[in-house]
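**Student:** As input, take start-v4.csv (CSV, C-alpha atoms and all ligand atoms):
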chain,number,residue,atom,x,y,z
Z,1,MET,CA,0.0,0.0,0.0
Z,2,GLU,CA,1.5,3.3,-1.1
Z,3,LEU,CA,0.7,7.0,-1.2
Z,4,LYS,CA,2.2,8.8,-4.2
Z,5,HIS,CA,2.4,12.6,-4.2
Z,6,VAL,CA,-1.0,12.8,-2.4
Z,7,ASN,CA,-2.6,16.2,-1.8
Z,8,TYR,CA,-5.8,16.6,0.0
Z,9,GLY,CA,-8.0,19.4,1.5
Z,10,TYR,CA,-11.5,19.1,2.9
Z,11,PRO,CA,-14.1,20.9,0.8
Z,12,GLY,CA,-14.2,24.5,1.8
Z,13,SER,CA,-11.0,24.3,3.8
Z,14,GLY,CA,-7.4,24.9,2.6
Z,15,GLN,CA,-4.9,22.2,1.7
Z,16,LEU,CA,-4.3,19.8,4.5
Z,17,ILE,CA,-2.2,16.9,3.2
Z,18,THR,CA,0.7,18.0,1.0
Z,19,ASP,CA,2.7,16.0,-1.5
Z,20,PHE,CA,2.7,12.9,0.7
Z,21,THR,CA,4.7,10.0,-0.5
Z,22,ALA,CA,5.2,6.9,1.7
Z,23,SER,CA,4.7,3.1,1.7
Z,24,VAL,CA,3.0,1.1,4.3
Z,25,PRO,CA,5.4,-1.7,5.2
Z,26,THR,CA,3.7,-5.1,4.6
Z,27,GLY,CA,3.4,-7.4,7.6
Z,28,GLN,CA,4.6,-4.8,10.0
Z,29,ILE,CA,3.1,-2.4,12.6
Z,30,LEU,CA,3.2,1.2,11.4
Z,31,SER,CA,2.2,4.1,13.7
Z,32,ILE,CA,1.4,7.6,12.5
Z,33,ILE,CA,2.4,10.3,15.1
Z,34,GLY,CA,2.2,14.1,15.1
Z,35,GLN,CA,0.4,17.0,16.7
Z,36,ASN,CA,-3.4,17.4,17.0
Z,37,GLY,CA,-4.8,18.4,13.7
Z,38,ALA,CA,-1.7,17.3,11.7
Z,39,GLY,CA,-3.8,15.1,9.5
Z,40,LYS,CA,-3.3,11.7,10.9
Z,41,SER,CA,-6.9,10.5,10.8
Z,42,THR,CA,-7.3,12.0,7.3
Z,43,LEU,CA,-4.3,10.0,6.1
Z,44,LEU,CA,-6.0,6.8,7.4
Z,45,LYS,CA,-9.1,7.7,5.4
Z,46,LEU,CA,-7.0,8.4,2.3
Z,47,LEU,CA,-5.2,5.0,2.8
Z,48,MET,CA,-8.6,3.3,3.1
Z,49,GLY,CA,-10.1,4.9,0.1
Z,50,SER,CA,-12.9,6.5,2.0
Z,51,LEU,CA,-11.5,9.9,1.0
Z,52,SER,CA,-10.0,10.5,-2.5
Z,53,PRO,CA,-6.9,12.6,-3.0
Z,54,SER,CA,-7.3,15.9,-4.9
Z,55,SER,CA,-4.2,14.9,-6.7
Z,56,GLY,CA,-1.7,12.0,-6.5
Z,57,VAL,CA,-2.8,8.4,-6.0
Z,58,VAL,CA,-3.2,5.8,-3.2
Z,59,GLU,CA,-2.3,2.3,-4.5
Z,60,LEU,CA,-3.2,-1.1,-3.1
Z,61,ASP,CA,-1.4,-4.1,-4.6
Z,62,GLY,CA,-0.2,-1.8,-7.4
Z,63,LYS,CA,-3.7,-0.5,-8.4
Z,64,PRO,CA,-5.4,2.8,-7.4
Z,65,ILE,CA,-7.6,2.0,-4.4
Z,66,SER,CA,-10.3,4.1,-6.0
Z,67,THR,CA,-10.8,1.3,-8.6
Z,68,LEU,CA,-11.9,-1.2,-5.9
Z,69,SER,CA,-15.5,-1.5,-4.9
Z,70,SER,CA,-16.3,-0.7,-1.3
Z,71,ARG,CA,-17.0,-4.4,-0.7
Z,72,LYS,CA,-13.6,-5.4,-2.0
Z,73,ARG,CA,-12.0,-2.6,0.1
Z,74,ALA,CA,-13.8,-3.9,3.2
Z,75,ALA,CA,-12.5,-7.4,2.6
Z,76,LYS,CA,-8.9,-6.0,2.5
Z,77,ILE,CA,-9.0,-3.2,5.1
Z,78,ALA,CA,-10.8,-3.0,8.5
Z,79,LEU,CA,-10.9,0.1,10.7
Z,80,VAL,CA,-11.3,0.4,14.4
Z,81,SER,CA,-12.2,4.1,14.9
Z,82,GLN,CA,-13.1,6.3,17.7
Z,83,GLN,CA,-16.5,7.2,16.2
Z,84,HIS,CA,-18.7,4.2,16.5
Z,85,GLN,CA,-22.1,3.9,15.1
Z,86,ILE,CA,-24.7,3.6,17.9
Z,87,TYR,CA,-26.0,0.1,18.2
Z,88,ASP,CA,-28.4,0.7,21.1
Z,89,GLU,CA,-30.2,-2.6,21.2
Z,90,MET,CA,-27.6,-4.9,19.7
Z,91,THR,CA,-25.8,-7.7,21.5
Z,92,VAL,CA,-22.1,-8.2,21.2
Z,93,LYS,CA,-22.4,-11.1,18.7
Z,94,GLU,CA,-24.8,-9.1,16.5
Z,95,VAL,CA,-22.3,-6.2,16.4
Z,96,VAL,CA,-19.5,-8.6,15.4
Z,97,LYS,CA,-21.7,-10.1,12.7
Z,98,THR,CA,-21.8,-6.7,11.0
Z,99,GLY,CA,-18.1,-7.3,10.3
Z,100,ARG,CA,-19.1,-10.4,8.2
Z,101,LEU,CA,-21.3,-8.3,5.9
Z,102,PRO,CA,-18.6,-8.2,3.1
Z,103,PHE,CA,-19.2,-11.9,2.7
Z,104,HIS,CA,-23.0,-12.1,3.1
Z,105,SER,CA,-25.9,-10.2,1.7
Z,106,LEU,CA,-28.0,-10.5,4.9
Z,107,LEU,CA,-27.1,-10.2,8.6
Z,108,ALA,CA,-29.8,-12.8,9.4
Z,109,THR,CA,-27.8,-15.6,7.5
Z,110,ILE,CA,-24.7,-15.2,9.7
Z,111,THR,CA,-24.5,-17.8,12.4
Z,112,ASP,CA,-23.1,-17.5,15.9
Z,113,ALA,CA,-20.5,-20.2,15.1
Z,114,GLU,CA,-19.2,-18.0,12.3
Z,115,VAL,CA,-18.3,-15.1,14.7
Z,116,ARG,CA,-17.2,-17.2,17.6
Z,117,PRO,CA,-13.5,-17.4,16.6
Z,118,PHE,CA,-13.3,-13.6,16.5
Z,119,LEU,CA,-14.8,-13.3,19.9
Z,120,GLU,CA,-12.4,-16.0,21.2
Z,121,THR,CA,-9.5,-13.9,19.8
Z,122,VAL,CA,-10.5,-11.0,22.0
Z,123,ASN,CA,-11.6,-13.2,24.9
Z,124,LEU,CA,-15.2,-12.2,24.9
Z,125,VAL,CA,-17.1,-15.4,24.1
Z,126,GLN,CA,-18.8,-15.3,27.5
Z,127,ALA,CA,-20.2,-11.8,26.8
Z,128,MET,CA,-21.6,-12.6,23.3
Z,129,ASP,CA,-25.3,-12.5,24.3
Z,130,ARG,CA,-25.0,-9.3,26.3
Z,131,PRO,CA,-26.0,-5.9,25.0
Z,132,LEU,CA,-23.0,-4.0,23.7
Z,133,THR,CA,-23.8,-1.0,25.9
Z,134,SER,CA,-23.7,-3.2,29.1
Z,135,LEU,CA,-19.9,-3.7,28.6
Z,136,SER,CA,-17.1,-1.5,29.9
Z,137,GLY,CA,-15.3,0.9,27.6
Z,138,GLY,CA,-12.3,-1.5,27.3
Z,139,GLN,CA,-14.5,-4.5,26.6
Z,140,GLN,CA,-16.4,-2.5,24.0
Z,141,GLN,CA,-13.1,-1.6,22.3
Z,142,ARG,CA,-12.4,-5.4,22.1
Z,143,VAL,CA,-15.8,-5.9,20.5
Z,144,TRP,CA,-14.9,-3.3,17.8
Z,145,LEU,CA,-11.6,-5.1,17.3
Z,146,ALA,CA,-13.4,-8.4,16.9
Z,147,THR,CA,-15.8,-6.8,14.4
Z,148,ALA,CA,-12.8,-5.5,12.4
Z,149,LEU,CA,-11.2,-9.0,12.5
Z,150,ALA,CA,-14.4,-10.6,11.3
Z,151,GLN,CA,-13.8,-8.8,8.0
Z,152,GLU,CA,-10.7,-11.0,7.8
Z,153,PRO,CA,-8.7,-8.1,6.5
Z,154,THR,CA,-5.1,-7.9,5.3
Z,155,TYR,CA,-4.8,-4.4,6.8
Z,156,LEU,CA,-6.0,-3.5,10.2
Z,157,PHE,CA,-6.3,0.2,10.8
Z,158,LEU,CA,-6.8,1.6,14.3
Z,159,ASP,CA,-7.5,5.3,15.0
Z,160,GLU,CA,-6.3,6.2,18.5
Z,161,PRO,CA,-7.3,2.8,19.9
Z,162,THR,CA,-6.1,3.4,23.5
Z,163,THR,CA,-7.6,6.8,24.1
Z,164,TYR,CA,-10.2,5.9,26.6
Z,165,LEU,CA,-8.4,2.9,28.1
Z,166,ASP,CA,-6.6,2.6,31.4
Z,167,ILE,CA,-3.0,1.7,31.3
Z,168,ARG,CA,-3.6,-2.0,31.9
Z,169,TYR,CA,-6.1,-2.2,29.0
Z,170,GLN,CA,-3.7,-0.2,26.8
Z,171,HIS,CA,-1.0,-2.7,27.5
Z,172,ASP,CA,-3.2,-5.7,26.9
Z,173,LEU,CA,-4.6,-4.2,23.6
Z,174,MET,CA,-1.1,-3.5,22.3
Z,175,ALA,CA,0.0,-7.0,23.2
Z,176,LEU,CA,-3.0,-8.4,21.4
Z,177,ILE,CA,-2.3,-6.3,18.3
Z,178,ARG,CA,1.3,-7.5,18.2
Z,179,LYS,CA,0.1,-11.1,18.6
Z,180,LEU,CA,-2.4,-10.6,15.6
Z,181,ASN,CA,0.4,-9.1,13.6
Z,182,VAL,CA,2.6,-12.1,14.2
Z,183,THR,CA,0.1,-14.9,14.0
Z,184,GLN,CA,-2.2,-13.6,11.3
Z,185,HIS,CA,0.4,-11.7,9.3
Z,186,LEU,CA,-1.8,-8.6,9.6
Z,187,THR,CA,-0.4,-5.3,8.5
Z,188,VAL,CA,-1.3,-2.8,11.2
Z,189,VAL,CA,-1.6,1.0,10.7
Z,190,MET,CA,-2.4,3.0,13.9
Z,191,VAL,CA,-2.8,6.5,14.9
Z,192,LEU,CA,-1.3,6.8,18.4
Z,193,HIS,CA,-1.0,9.9,20.6
Z,194,ASP,CA,1.3,8.4,23.1
Z,195,ILE,CA,4.8,8.7,21.5
Z,196,ASN,CA,6.3,6.2,23.9
Z,197,GLN,CA,3.6,3.6,23.2
Z,198,ALA,CA,4.1,4.2,19.5
Z,199,LEU,CA,7.9,3.8,19.7
Z,200,LYS,CA,7.5,0.6,21.8
Z,201,ILE,CA,5.0,-1.3,19.6
Z,202,SER,CA,5.9,-0.1,16.1
Z,203,ASP,CA,8.2,-1.5,13.5
Z,204,GLN,CA,8.0,1.8,11.5
Z,205,LEU,CA,6.6,5.2,12.2
Z,206,TRP,CA,5.5,8.2,10.2
Z,207,LEU,CA,6.1,11.5,11.9
Z,208,ILE,CA,3.9,14.1,10.4
Z,209,LYS,CA,3.5,17.9,10.8
Z,210,GLN,CA,0.9,20.1,9.1
Z,211,GLY,CA,0.0,17.4,6.6
Z,212,GLN,CA,3.5,16.7,5.6
Z,213,LEU,CA,5.8,13.7,6.2
Z,214,VAL,CA,8.7,14.9,8.4
Z,215,LYS,CA,10.3,11.4,8.6
Z,216,ALA,CA,9.4,7.8,8.1
Z,217,GLY,CA,11.6,5.4,9.9
Z,218,THR,CA,12.2,2.8,12.7
Z,219,PRO,CA,11.8,3.7,16.3
Z,220,ALA,CA,15.6,4.1,16.6
Z,221,GLU,CA,15.6,6.5,13.6
Z,222,LEU,CA,12.8,8.6,15.2
Z,223,LEU,CA,14.5,8.8,18.6
Z,224,ASP,CA,16.0,12.2,17.9
Z,225,GLU,CA,15.3,15.1,20.4
Z,226,GLN,CA,15.6,17.8,17.8
Z,227,LEU,CA,13.4,16.1,15.2
Z,228,LEU,CA,10.6,15.4,17.8
Z,229,SER,CA,10.9,18.8,19.4
Z,230,GLN,CA,10.4,20.5,16.0
Z,231,ALA,CA,7.5,18.2,15.0
Z,232,PHE,CA,5.6,18.7,18.3
Z,233,GLU,CA,6.8,22.3,18.9
Z,234,LEU,CA,7.8,21.4,22.4
Z,235,PRO,CA,11.1,20.8,24.1
Z,236,ILE,CA,11.6,17.1,24.2
Z,237,LYS,CA,14.2,15.1,26.0
Z,238,ILE,CA,15.0,11.4,25.6
Z,239,VAL,CA,16.1,9.6,28.7
Z,240,ASP,CA,17.3,6.1,29.2
Z,241,ILE,CA,15.3,4.1,31.7
Z,242,GLU,CA,16.8,0.9,33.1
Z,243,LYS,CA,15.1,-2.3,31.9
Z,244,TYR,CA,12.8,-0.2,29.6
Z,245,GLY,CA,15.1,1.7,27.2
Z,246,PRO,CA,14.8,5.2,25.7
Z,247,TYR,CA,11.8,7.2,26.9
Z,248,VAL,CA,10.5,10.4,25.5
Z,249,ILE,CA,9.6,13.2,27.9
Z,250,GLN,CA,8.1,16.5,27.2
Z,251,LEU,CA,9.8,19.3,29.1
Z,252,THR,CA,6.7,21.4,29.8
Z,253,ALA,CA,6.2,23.3,33.1
R,301,LIG,N1,-14.8,16.2,7.8
R,301,LIG,C1,-14.0,17.3,7.9
R,301,LIG,N2,-14.3,18.5,7.3
R,301,LIG,C2,-13.5,19.6,7.4
R,301,LIG,N3,-12.4,19.6,8.1
R,301,LIG,C3,-12.0,18.5,8.7
R,301,LIG,C4,-12.8,17.3,8.6
R,301,LIG,N4,-12.2,16.3,9.4
R,301,LIG,C5,-11.0,16.9,9.9
R,301,LIG,N5,-10.9,18.2,9.5
R,301,LIG,C6,-9.9,19.1,9.8
R,301,LIG,O1,-8.6,18.6,9.2
R,301,LIG,C7,-7.6,18.8,10.1
R,301,LIG,C8,-6.8,17.5,10.4
R,301,LIG,O2,-7.7,16.6,11.0
R,301,LIG,P1,-7.3,15.1,11.3
R,301,LIG,O3,-8.5,14.5,12.1
R,301,LIG,O4,-6.9,14.4,10.1
R,301,LIG,O5,-6.1,15.4,12.3
R,301,LIG,P2,-5.4,14.4,13.4
R,301,LIG,O6,-3.9,14.6,13.2
R,301,LIG,O7,-5.9,13.1,13.3
R,301,LIG,O8,-5.8,15.2,14.7
R,301,LIG,P3,-6.1,14.6,16.2
R,301,LIG,O9,-4.8,14.2,16.7
R,301,LIG,O10,-6.6,15.9,16.9
R,301,LIG,O11,-7.1,13.6,16.1
R,301,LIG,C9,-8.1,19.5,11.4
R,301,LIG,O12,-7.9,20.8,11.3
R,301,LIG,C10,-9.6,19.1,11.3
R,301,LIG,O13,-10.4,20.1,11.9
If you convert what's in this file into structure tokens, what do you get?
Ligand SMILES: Nc1ncnc2c1ncn2[C@@H]1O[C@H](COP(=O)(O)OP(=O)(O)OP(=O)(O)O)[C@@H](O)[C@H]1O
**Tutor:**
Amino acid sequence: MELKHVNYGYPGSGQLITDFTASVPTGQILSIIGQNGAGKSTLLKLLMGSLSPSSGVVELDGKPISTLSSRKRAAKIALVSQQHQIYDEMTVKEVVKTGRLPFHSLLATITDAEVRPFLETVNLVQAMDRPLTSLSGGQQQRVWLATALAQEPTYLFLDEPTTYLDIRYQHDLMALIRKLNVTQHLTVVMVLHDINQALKISDQLWLIKQGQLVKAGTPAELLDEQLLSQAFELPIKIVDIEKYGPYVIQLTA
């Protein structure tokens, strides 16, 4: 998956993404980091084909993603976003069944057995008959992950997946994402706000500022005080913590 000289601006707004060229590394975990409003979520939408570049191209398997039908795209790419549709009355298993829709024409024909493996992966089989809204925020996040996995995608996109989770759930979710990447060969693309979390879990990162790619590289290549300070417009220091490794701190009063 590649972005080639992509430009984009929302209708009625100025240019947001500027001449963006980068490749998503297959089979790896890529995180997109940068300030609020830098264009991270917009990049995810461009990569998924839910937004079209004003110029340039997004390619999937060497073809412009715009040439694929939405069903074909859904069978390739699944998104766990922060904005969920409201499924007031739905049970957990019914929500996960919506992830199977690229393979069925009717929700009613999807059996419980078909979604069970995805609920097993996120350890929620015991909650499958409960209404979604009766689950905790962290459990609901796992339901959305199971729904994305039910699409059996090649690419798993996550937009700020840890935002409302406590540190234990954040750790567990990151461990699960790494496990899925390794066992199911999923290519993962995430928007993460926590720089240290991004540096810890990712194989590659894109550091972006005002819609432009500042640097694409490995965590070691991104661990540069000057680079990070400029991108986040904050004084940043990297300290070495025993048994943890390099840790980024923001020197704000
Ligand atoms: N649908 C939209 N219509 C118009 N402008 C939008 C739309 N969505 C986002 N924007 C604007 O585009 C800019 C980039 O938004 P985007 O959500 O891509 O940034 P981000 O880096 O993901 O930000 P954050 O870290 O705050 O989530 C922001 O100024 C935002 O207000």
**Student:** Quick one: of Z:Pro219, Z:Pro246, Z:Pro153, Z:Gly12, who's nearest to Arg100 in chain Z, counting all atoms listed in the file?
**Tutor:**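 When distances to Arg100 in chain Z are compared using all atoms listed in the file, the smallest one comes from Z:Pro153.
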**Student:** Could you check which of Z:His104, Z:Arg178, Z:Arg71, Z:Lys76 is closest to Ala148 in chain Z, using only C-alpha atoms?
**Tutor:**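 Of all the options, Z:Lys76 lies closest to Ala148 in chain Z.
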**Student:** Counting only C-alpha atoms and all ligand atoms, name the residues that have an atom within 8 Å of an atom of ligand LIG 301 (chain R); the answer should be given as a compact mmCIF listing (two decimals) with C-alpha atoms, in the frame of the given file.
**Tutor:**
# COMPACT_ATOMS: atom_id res chain seq x y z
CA GLY Z 9 -8.00 19.40 1.50
CA TYR Z 10 -11.50 19.10 2.90
CA PRO Z 11 -14.10 20.90 0.80
CA GLY Z 12 -14.20 24.50 1.80
CA SER Z 13 -11.00 24.30 3.80
CA LEU Z 16 -4.30 19.80 4.50
CA ILE Z 33 2.40 10.30 15.10
CA GLY Z 34 2.20 14.10 15.10
CA GLN Z 35 0.40 17.00 16.70
CA ASN Z 36 -3.40 17.40 17.00
CA GLY Z 37 -4.80 18.40 13.70
CA ALA Z 38 -1.70 17.30 11.70
CA GLY Z 39 -3.80 15.10 9.50
CA LYS Z 40 -3.30 11.70 10.90
CA SER Z 41 -6.90 10.50 10.80
CA THR Z 42 -7.30 12.00 7.30
CA LEU Z 43 -4.30 10.00 6.10
CA GLU Z 160 -6.30 6.20 18.50
CA VAL Z 191 -2.80 6.50 14.90
CA HIS Z 193 -1.00 9.90 20.60
CA GLY Z 211 0.00 17.40 6.60
**Student:** Show me the residues close to (-18.7, -5.4, 22.7) - anything with an atom within 10 Å, counting only C-alpha atoms - and format the list as a ChimeraX atom specification.
**Tutor:** /Z:90-96,119,122,124,127-147
**Student:** Limited to C-alpha atoms, could you put the picked residues into a file as a tab-separated table (two decimals), keeping the file's coordinate frame?
**Tutor:**
chain	number	residue	atom	x	y	z
Z	90	MET	CA	-27.60	-4.90	19.70
Z	91	THR	CA	-25.80	-7.70	21.50
Z	92	VAL	CA	-22.10	-8.20	21.20
Z	93	LYS	CA	-22.40	-11.10	18.70
Z	94	GLU	CA	-24.80	-9.10	16.50
Z	95	VAL	CA	-22.30	-6.20	16.40
Z	96	VAL	CA	-19.50	-8.60	15.40
Z	119	LEU	CA	-14.80	-13.30	19.90
Z	122	VAL	CA	-10.50	-11.00	22.00
Z	124	LEU	CA	-15.20	-12.20	24.90
Z	127	ALA	CA	-20.20	-11.80	26.80
Z	128	MET	CA	-21.60	-12.60	23.30
Z	129	ASP	CA	-25.30	-12.50	24.30
Z	130	ARG	CA	-25.00	-9.30	26.30
Z	131	PRO	CA	-26.00	-5.90	25.00
Z	132	LEU	CA	-23.00	-4.00	23.70
Z	133	THR	CA	-23.80	-1.00	25.90
Z	134	SER	CA	-23.70	-3.20	29.10
Z	135	LEU	CA	-19.90	-3.70	28.60
Z	136	SER	CA	-17.10	-1.50	29.90
Z	137	GLY	CA	-15.30	0.90	27.60
Z	138	GLY	CA	-12.30	-1.50	27.30
Z	139	GLN	CA	-14.50	-4.50	26.60
Z	140	GLN	CA	-16.40	-2.50	24.00
Z	141	GLN	CA	-13.10	-1.60	22.30
Z	142	ARG	CA	-12.40	-5.40	22.10
Z	143	VAL	CA	-15.80	-5.90	20.50
Z	144	TRP	CA	-14.90	-3.30	17.80
Z	145	LEU	CA	-11.60	-5.10	17.30
Z	146	ALA	CA	-13.40	-8.40	16.90
Z	147	THR	CA	-15.80	-6.80	14.40
**Student:** Go through Z:Ile77, Z:Ala175, Z:Leu101, Z:Val182 one by one, measure the shortest atom-to-atom distance of each to Leu156 in chain Z using only C-alpha atoms, and give the residue with the smallest value.
**Tutor:**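 Answer, going by the shortest atom-to-atom distance: Z:Ile77.
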**Student:** Compare Z:Gln184, Z:Thr21, Z:Gln126, Z:Gln250 by their minimum atom-to-atom distance to Val58 in chain Z, counting all atoms listed in the file, and give me the closest one.
**Tutor:**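 Between Z:Gln184, Z:Thr21, Z:Gln126, Z:Gln250, the residue approaching Val58 in chain Z most closely is Z:Thr21.
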**Student:** Quick one: of Z:Leu44, Z:Gln230, Z:Ser69, Z:Lys97, who's nearest to Thr109 in chain Z, counting all atoms listed in the file?
**Tutor:**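 Looking only at the distances to Thr109 in chain Z, the closest residue turns out to be Z:Lys97.
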**Student:** Determine the nearest neighbour of Pro117 in chain Z from the options Z:Ile236, Z:Val6, Z:Leu149, Z:Val57, counting only C-alpha atoms.
**Tutor:**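 Result for the nearest residue to Pro117 in chain Z: Z:Leu149.
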**Student:** Excluding same-chain residues fewer than 4 positions from Lys237 in chain Z, what lies within 9 Å of it counting all atoms listed in the file, as a count of residues only?
**Tutor:** 10
**Student:** So the first atom is CA of Asn181 in chain Z and the second is CA of Glu152 in chain Z; what is the distance between them in Å, to one decimal place?
**Tutor:**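 Distance reported for this atom pair: 12.7 Å.
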**Student:** Is there a way to complete range 86-109 of chain Z with N, CA and C atoms and then write that out as an mmCIF file, keeping the file's coordinate frame?
**Tutor:**
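Resulting contents of out_1.cif:
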data_model
loop_
_atom_site.group_PDB
_atom_site.id
_atom_site.type_symbol
_atom_site.label_atom_id
_atom_site.label_comp_id
_atom_site.auth_asym_id
_atom_site.auth_seq_id
_atom_site.Cartn_x
_atom_site.Cartn_y
_atom_site.Cartn_z
ATOM 1 N N ILE Z 86 -23.982 4.000 16.638
ATOM 2 C CA ILE Z 86 -24.700 3.600 17.900
ATOM 3 C C ILE Z 86 -25.559 2.417 17.592
ATOM 4 N N TYR Z 87 -25.248 1.365 18.322
ATOM 5 C CA TYR Z 87 -26.000 0.100 18.200
ATOM 6 C C TYR Z 87 -26.736 -0.122 19.501
ATOM 7 N N ASP Z 88 -27.734 0.690 19.780
ATOM 8 C CA ASP Z 88 -28.400 0.700 21.100
ATOM 9 C C ASP Z 88 -28.779 -0.702 21.591
ATOM 10 N N GLU Z 89 -29.542 -1.386 20.742
ATOM 11 C CA GLU Z 89 -30.200 -2.600 21.200
ATOM 12 C C GLU Z 89 -29.345 -3.858 20.880
ATOM 13 N N MET Z 90 -28.233 -3.703 20.188
ATOM 14 C CA MET Z 90 -27.600 -4.900 19.700
ATOM 15 C C MET Z 90 -26.722 -5.595 20.714
ATOM 16 N N THR Z 91 -26.701 -6.926 20.602
ATOM 17 C CA THR Z 91 -25.800 -7.700 21.500
ATOM 18 C C THR Z 91 -24.423 -7.725 20.850
ATOM 19 N N VAL Z 92 -23.488 -8.190 21.657
ATOM 20 C CA VAL Z 92 -22.100 -8.200 21.200
ATOM 21 C C VAL Z 92 -21.960 -9.069 19.928
ATOM 22 N N LYS Z 93 -22.591 -10.243 19.906
ATOM 23 C CA LYS Z 93 -22.400 -11.100 18.700
ATOM 24 C C LYS Z 93 -23.061 -10.476 17.475
ATOM 25 N N GLU Z 94 -24.156 -9.736 17.692
ATOM 26 C CA GLU Z 94 -24.800 -9.100 16.500
ATOM 27 C C GLU Z 94 -23.888 -7.991 15.952
ATOM 28 N N VAL Z 95 -23.205 -7.274 16.842
ATOM 29 C CA VAL Z 95 -22.300 -6.200 16.400
ATOM 30 C C VAL Z 95 -21.157 -6.893 15.554
ATOM 31 N N VAL Z 96 -20.598 -7.978 16.081
ATOM 32 C CA VAL Z 96 -19.500 -8.600 15.400
ATOM 33 C C VAL Z 96 -19.939 -9.196 14.038
ATOM 34 N N LYS Z 97 -21.199 -9.620 13.979
ATOM 35 C CA LYS Z 97 -21.700 -10.100 12.700
ATOM 36 C C LYS Z 97 -21.721 -9.047 11.612
ATOM 37 N N THR Z 98 -21.828 -7.787 12.009
ATOM 38 C CA THR Z 98 -21.800 -6.700 11.000
ATOM 39 C C THR Z 98 -20.444 -6.729 10.249
ATOM 40 N N GLY Z 99 -19.408 -7.229 10.932
ATOM 41 C CA GLY Z 99 -18.100 -7.300 10.300
ATOM 42 C C GLY Z 99 -18.048 -8.399 9.197
ATOM 43 N N ARG Z 100 -19.038 -9.321 9.214
ATOM 44 C CA ARG Z 100 -19.100 -10.400 8.200
ATOM 45 C C ARG Z 100 -19.845 -9.957 6.942
ATOM 46 N N LEU Z 101 -20.425 -8.757 6.971
ATOM 47 C CA LEU Z 101 -21.300 -8.300 5.900
ATOM 48 C C LEU Z 101 -20.590 -8.306 4.475
ATOM 49 N N PRO Z 102 -19.249 -8.061 4.412
ATOM 50 C CA PRO Z 102 -18.600 -8.200 3.100
ATOM 51 C C PRO Z 102 -18.792 -9.537 2.443
ATOM 52 N N PHE Z 103 -19.090 -10.560 3.274
ATOM 53 C CA PHE Z 103 -19.200 -11.900 2.700
ATOM 54 C C PHE Z 103 -20.617 -12.437 2.648
ATOM 55 N N HIS Z 104 -21.573 -11.647 3.101
ATOM 56 C CA HIS Z 104 -23.000 -12.100 3.100
ATOM 57 C C HIS Z 104 -23.861 -10.934 2.602
ATOM 58 N N SER Z 105 -25.045 -11.278 2.104
ATOM 59 C CA SER Z 105 -25.900 -10.200 1.700
ATOM 60 C C SER Z 105 -26.912 -9.834 2.843
ATOM 61 N N LEU Z 106 -27.090 -10.760 3.791
ATOM 62 C CA LEU Z 106 -28.000 -10.500 4.900
ATOM 63 C C LEU Z 106 -27.418 -10.839 6.237
ATOM 64 N N LEU Z 107 -27.628 -9.948 7.202
ATOM 65 C CA LEU Z 107 -27.100 -10.200 8.600
ATOM 66 C C LEU Z 107 -27.734 -11.475 9.140
ATOM 67 N N ALA Z 108 -29.016 -11.719 8.800
ATOM 68 C CA ALA Z 108 -29.800 -12.800 9.400
ATOM 69 C C ALA Z 108 -29.155 -14.202 9.014
ATOM 70 N N THR Z 109 -28.395 -14.279 7.934
ATOM 71 C CA THR Z 109 -27.800 -15.600 7.500
ATOM 72 C C THR Z 109 -26.507 -15.894 8.224
#
